[in-house]
Amino acid sequence: MSSVFKLLHTLLVFYTLLSFSISSSSAIPPGSRSLLRVTKSGAGDQSDFAVDLNVTNFDSVLKDTPAIYAIVEFFAHWCPACRNYKSHYEKVARLFNGANAVHPGTVLMTRVDCANTINTKLCDKFSVTHYPSLYWGPPSKFVGGSWDGKSEKSDIRPIDDGRTADRLLKWINKQLGSSYSLEDEKYENDQLIHSNVSDPGQIARAVYDVEEATSIAFDIILAHKLIKPDTRATLIKFMQLMVAHHPSRRCRKGSADILVNFDDLYPSNKWPTNKQESGNGSRHGGVAKFDICGKEVPRGYWMFCRGSKNDTRGFSCGLWVMLHSLSVRVEDGESQMAFTSTCDFIHQFFMCEECRQHFYSMCKRVSTPFSNTRDFVLWLWTAHNEVNTRLMKTESSLGTGDPKFPKTTWPSKHLCPNCYTNQNQDEESSSIDWDLDEVFKFLGSYYGKKLVSLYTEKDKAHAQIKNDAASEDLLQPTNALVVPVGAALAIAVASCLFGALACCWRSQQKNRKPRRS
């Protein structure tokens, strides 16, 4: 009987281990991979401008980029030709990528290492047959997309003539109708600058500038330790306005996260008791950086608000766009609250002393509370034009303005011809006869739907990709039911043998004669 027990024990152990192995493997979805961080260059390497992508961040990076087009280079790190080509690719990437990009927001240049096994399926989706392979298309078309190597109607196209930096840039110029050069420096030959004034569709790119300005504004608040007992309530009210009406979903979410934890970060009962203590740099809790619009913001460059010089437009332009975008989104019942929150926020947190005093003086001239959105929107528009008129004279006399973006009365006839009741009236006139109903309609559209149109299009495309993926999942069996045939047979055989041996053992126990004492 000892041999029977040994066999029984062996089968029991085998059955247990087999069951554990199968249950463990079924708990891991096929194709699942550990998340990898984006590879960054070492501290001494300043040449990598192209963005390294892999299967874990490919869709998210291309979905969130403000660039109009993207180039994806599929390569293998062991390939000598790829290593030799890298310097050519980087020369072009310098023009388009990074905080100091010469032509930002035009082309996002990326790369994927197909020699990394986690990227095998990704490279297969784009029919990569040789290294390096370059593909061109709108970033949204790469998200969840593929290329079969044959379709001529696809929005994704292979770049067949980009073996050197000169040839690649020539190919890009042909697609864009541009004349970029490898020798271009920042603010030179910048065609994006020329299009901002004349093209009303460019406001769609300003949503990224609104994120940039929002992030910088709150970084300034932290850097100068502006959160104090007498400013705390103002900041909370303005952030509440942002949570509800900021045009960027990222900024709305970031504002909400900070508000939820605001009392923990900046407790109202833990403030300095004297001036000396308040100036010693004590943080009294708080954080080093808000990340109010996500960790990837600020990006370090401007799109719609890009000036022709380094010290023009930028932050102030982005801040105005943010204020206008908030104004057109509030409800009638919120208009007075939005007005006071905006005035107090600029007065207490905008670091340009003269600017905030002028802005607050315009606020104090308002004697009747706002009861509807229209009045608040038109007041902010009037205030902005008043600021432009004042700065127009100063910048003209001192020569400090942007020569390609001189201050003017806004909107122009080109942007809103219906805003002018008299089409023959000079735009530079100090007393333009405005059609305020048309102005309000224009502002609502310009800073409303048009501003977030790029976000809306990307969200629709992303939702379609998620729906397609969900449909594919429904057509596939769930992991819990997928058991290899061999394993199933092994379990069945083991169960049968186990049952047979158990019955045999019980029969022998019954037939055994009891021993006499």
# chains A, B, ... in the order shown; residues from 1 in each chain; ligands from 1
>>> residues_around(residues="Gln336 of chain A", least_positions_apart="5", cutoff="7 Å", atoms="only C-alpha atoms", output="PyMOL selection string")
chain A and resi 369-371
>>> residues_around(residues="Asn385 of chain A", least_positions_apart="5", cutoff="12 Å", atoms="only C-alpha atoms", output="ChimeraX atom specification")
/A:320,359,362,378-380,390-392,407-412,428,430-432
>>> write_last_selection(atoms="N, CA, C and O atoms", output="PDB file, in the first residue's frame")
ATOM      1  N   TRP A 320      -4.739  86.773 -21.480  1.00  0.00           N
ATOM      2  CA  TRP A 320      -5.939  87.423 -22.015  1.00  0.00           C
ATOM      3  C   TRP A 320      -6.873  86.389 -22.657  1.00  0.00           C
ATOM      4  O   TRP A 320      -8.098  86.443 -22.475  1.00  0.00           O
ATOM      5  N   PHE A 359      -5.707  97.682 -14.578  1.00  0.00           N
ATOM      6  CA  PHE A 359      -6.816  96.741 -14.723  1.00  0.00           C
ATOM      7  C   PHE A 359      -7.817  96.917 -13.580  1.00  0.00           C
ATOM      8  O   PHE A 359      -9.034  96.949 -13.802  1.00  0.00           O
ATOM      9  N   MET A 362     -10.112  99.876 -13.907  1.00  0.00           N
ATOM     10  CA  MET A 362     -11.239  99.615 -14.812  1.00  0.00           C
ATOM     11  C   MET A 362     -12.325  98.828 -14.089  1.00  0.00           C
ATOM     12  O   MET A 362     -13.519  99.036 -14.316  1.00  0.00           O
ATOM     13  N   LEU A 378     -18.766  91.571 -22.791  1.00  0.00           N
ATOM     14  CA  LEU A 378     -18.512  92.838 -23.486  1.00  0.00           C
ATOM     15  C   LEU A 378     -17.684  93.792 -22.630  1.00  0.00           C
ATOM     16  O   LEU A 378     -16.873  94.568 -23.169  1.00  0.00           O
ATOM     17  N   TRP A 379     -17.833  93.747 -21.305  1.00  0.00           N
ATOM     18  CA  TRP A 379     -16.983  94.585 -20.449  1.00  0.00           C
ATOM     19  C   TRP A 379     -15.519  94.175 -20.578  1.00  0.00           C
ATOM     20  O   TRP A 379     -14.632  95.035 -20.720  1.00  0.00           O
ATOM     21  N   LEU A 380     -15.245  92.853 -20.546  1.00  0.00           N
ATOM     22  CA  LEU A 380     -13.863  92.387 -20.644  1.00  0.00           C
ATOM     23  C   LEU A 380     -13.278  92.732 -22.004  1.00  0.00           C
ATOM     24  O   LEU A 380     -12.104  93.127 -22.106  1.00  0.00           O
ATOM     25  N   ARG A 390      -4.034 102.179 -24.794  1.00  0.00           N
ATOM     26  CA  ARG A 390      -3.043 102.808 -23.919  1.00  0.00           C
ATOM     27  C   ARG A 390      -1.628 102.349 -24.286  1.00  0.00           C
ATOM     28  O   ARG A 390      -0.701 103.168 -24.399  1.00  0.00           O
ATOM     29  N   LEU A 391      -1.445 101.019 -24.509  1.00  0.00           N
ATOM     30  CA  LEU A 391      -0.125 100.491 -24.824  1.00  0.00           C
ATOM     31  C   LEU A 391       0.319 100.872 -26.230  1.00  0.00           C
ATOM     32  O   LEU A 391       1.525 100.992 -26.504  1.00  0.00           O
ATOM     33  N   MET A 392      -0.661 101.051 -27.122  1.00  0.00           N
ATOM     34  CA  MET A 392      -0.344 101.422 -28.499  1.00  0.00           C
ATOM     35  C   MET A 392       0.475 102.708 -28.542  1.00  0.00           C
ATOM     36  O   MET A 392       1.483 102.820 -29.256  1.00  0.00           O
ATOM     37  N   LYS A 407      -0.282  96.811 -31.468  1.00  0.00           N
ATOM     38  CA  LYS A 407      -1.554  96.891 -30.752  1.00  0.00           C
ATOM     39  C   LYS A 407      -2.591  97.602 -31.636  1.00  0.00           C
ATOM     40  O   LYS A 407      -2.309  98.658 -32.203  1.00  0.00           O
ATOM     41  N   THR A 408      -3.766  97.014 -31.733  1.00  0.00           N
ATOM     42  CA  THR A 408      -4.838  97.591 -32.531  1.00  0.00           C
ATOM     43  C   THR A 408      -6.173  97.390 -31.826  1.00  0.00           C
ATOM     44  O   THR A 408      -6.283  96.614 -30.880  1.00  0.00           O
ATOM     45  N   THR A 409      -7.179  98.109 -32.324  1.00  0.00           N
ATOM     46  CA  THR A 409      -8.536  97.873 -31.848  1.00  0.00           C
ATOM     47  C   THR A 409      -9.002  96.533 -32.402  1.00  0.00           C
ATOM     48  O   THR A 409      -8.765  96.226 -33.577  1.00  0.00           O
ATOM     49  N   TRP A 410      -9.683  95.765 -31.569  1.00  0.00           N
ATOM     50  CA  TRP A 410      -9.975  94.376 -31.925  1.00  0.00           C
ATOM     51  C   TRP A 410     -11.439  94.075 -31.686  1.00  0.00           C
ATOM     52  O   TRP A 410     -12.021  94.600 -30.721  1.00  0.00           O
ATOM     53  N   PRO A 411     -12.102  93.257 -32.507  1.00  0.00           N
ATOM     54  CA  PRO A 411     -11.561  92.522 -33.654  1.00  0.00           C
ATOM     55  C   PRO A 411     -11.474  93.381 -34.911  1.00  0.00           C
ATOM     56  O   PRO A 411     -12.163  94.396 -35.034  1.00  0.00           O
ATOM     57  N   SER A 412     -10.648  92.950 -35.830  1.00  0.00           N
ATOM     58  CA  SER A 412     -10.493  93.662 -37.093  1.00  0.00           C
ATOM     59  C   SER A 412     -11.692  93.364 -38.001  1.00  0.00           C
ATOM     60  O   SER A 412     -12.463  92.428 -37.758  1.00  0.00           O
ATOM     61  N   GLU A 428      -8.845 102.253 -37.104  1.00  0.00           N
ATOM     62  CA  GLU A 428      -7.999 102.959 -36.150  1.00  0.00           C
ATOM     63  C   GLU A 428      -8.725 104.116 -35.484  1.00  0.00           C
ATOM     64  O   GLU A 428      -8.148 104.836 -34.665  1.00  0.00           O
ATOM     65  N   SER A 430     -10.938 106.295 -33.026  1.00  0.00           N
ATOM     66  CA  SER A 430     -11.090 106.226 -31.565  1.00  0.00           C
ATOM     67  C   SER A 430     -12.536 106.002 -31.145  1.00  0.00           C
ATOM     68  O   SER A 430     -12.810 105.727 -29.977  1.00  0.00           O
ATOM     69  N   SER A 431     -13.466 106.142 -32.084  1.00  0.00           N
ATOM     70  CA  SER A 431     -14.882 105.967 -31.745  1.00  0.00           C
ATOM     71  C   SER A 431     -15.581 105.128 -32.813  1.00  0.00           C
ATOM     72  O   SER A 431     -16.298 105.661 -33.660  1.00  0.00           O
ATOM     73  N   ILE A 432     -15.338 103.852 -32.771  1.00  0.00           N
ATOM     74  CA  ILE A 432     -15.945 102.935 -33.737  1.00  0.00           C
ATOM     75  C   ILE A 432     -17.390 102.650 -33.325  1.00  0.00           C
ATOM     76  O   ILE A 432     -17.684 102.446 -32.140  1.00  0.00           O
TER      77      ILE A 432
END
>>> closest_residue(among="A:Glu353, A:Asp184, A:Asp155, A:Glu438", to="Lys91 of chain A", atoms="only C-alpha atoms")
A:Asp184
>>> closest_residue(among="A:Ser445, A:Met351, A:Leu454, A:Gly401", to="Ile220 of chain A", atoms="only C-alpha atoms")
A:Met351
>>> select_by_dssp(residues="segment 99-207 of chain A", states="alpha helix (DSSP H)", output="PyMOL selection string")
chain A and resi 120-125+139-142+165-176+191-198+206-207
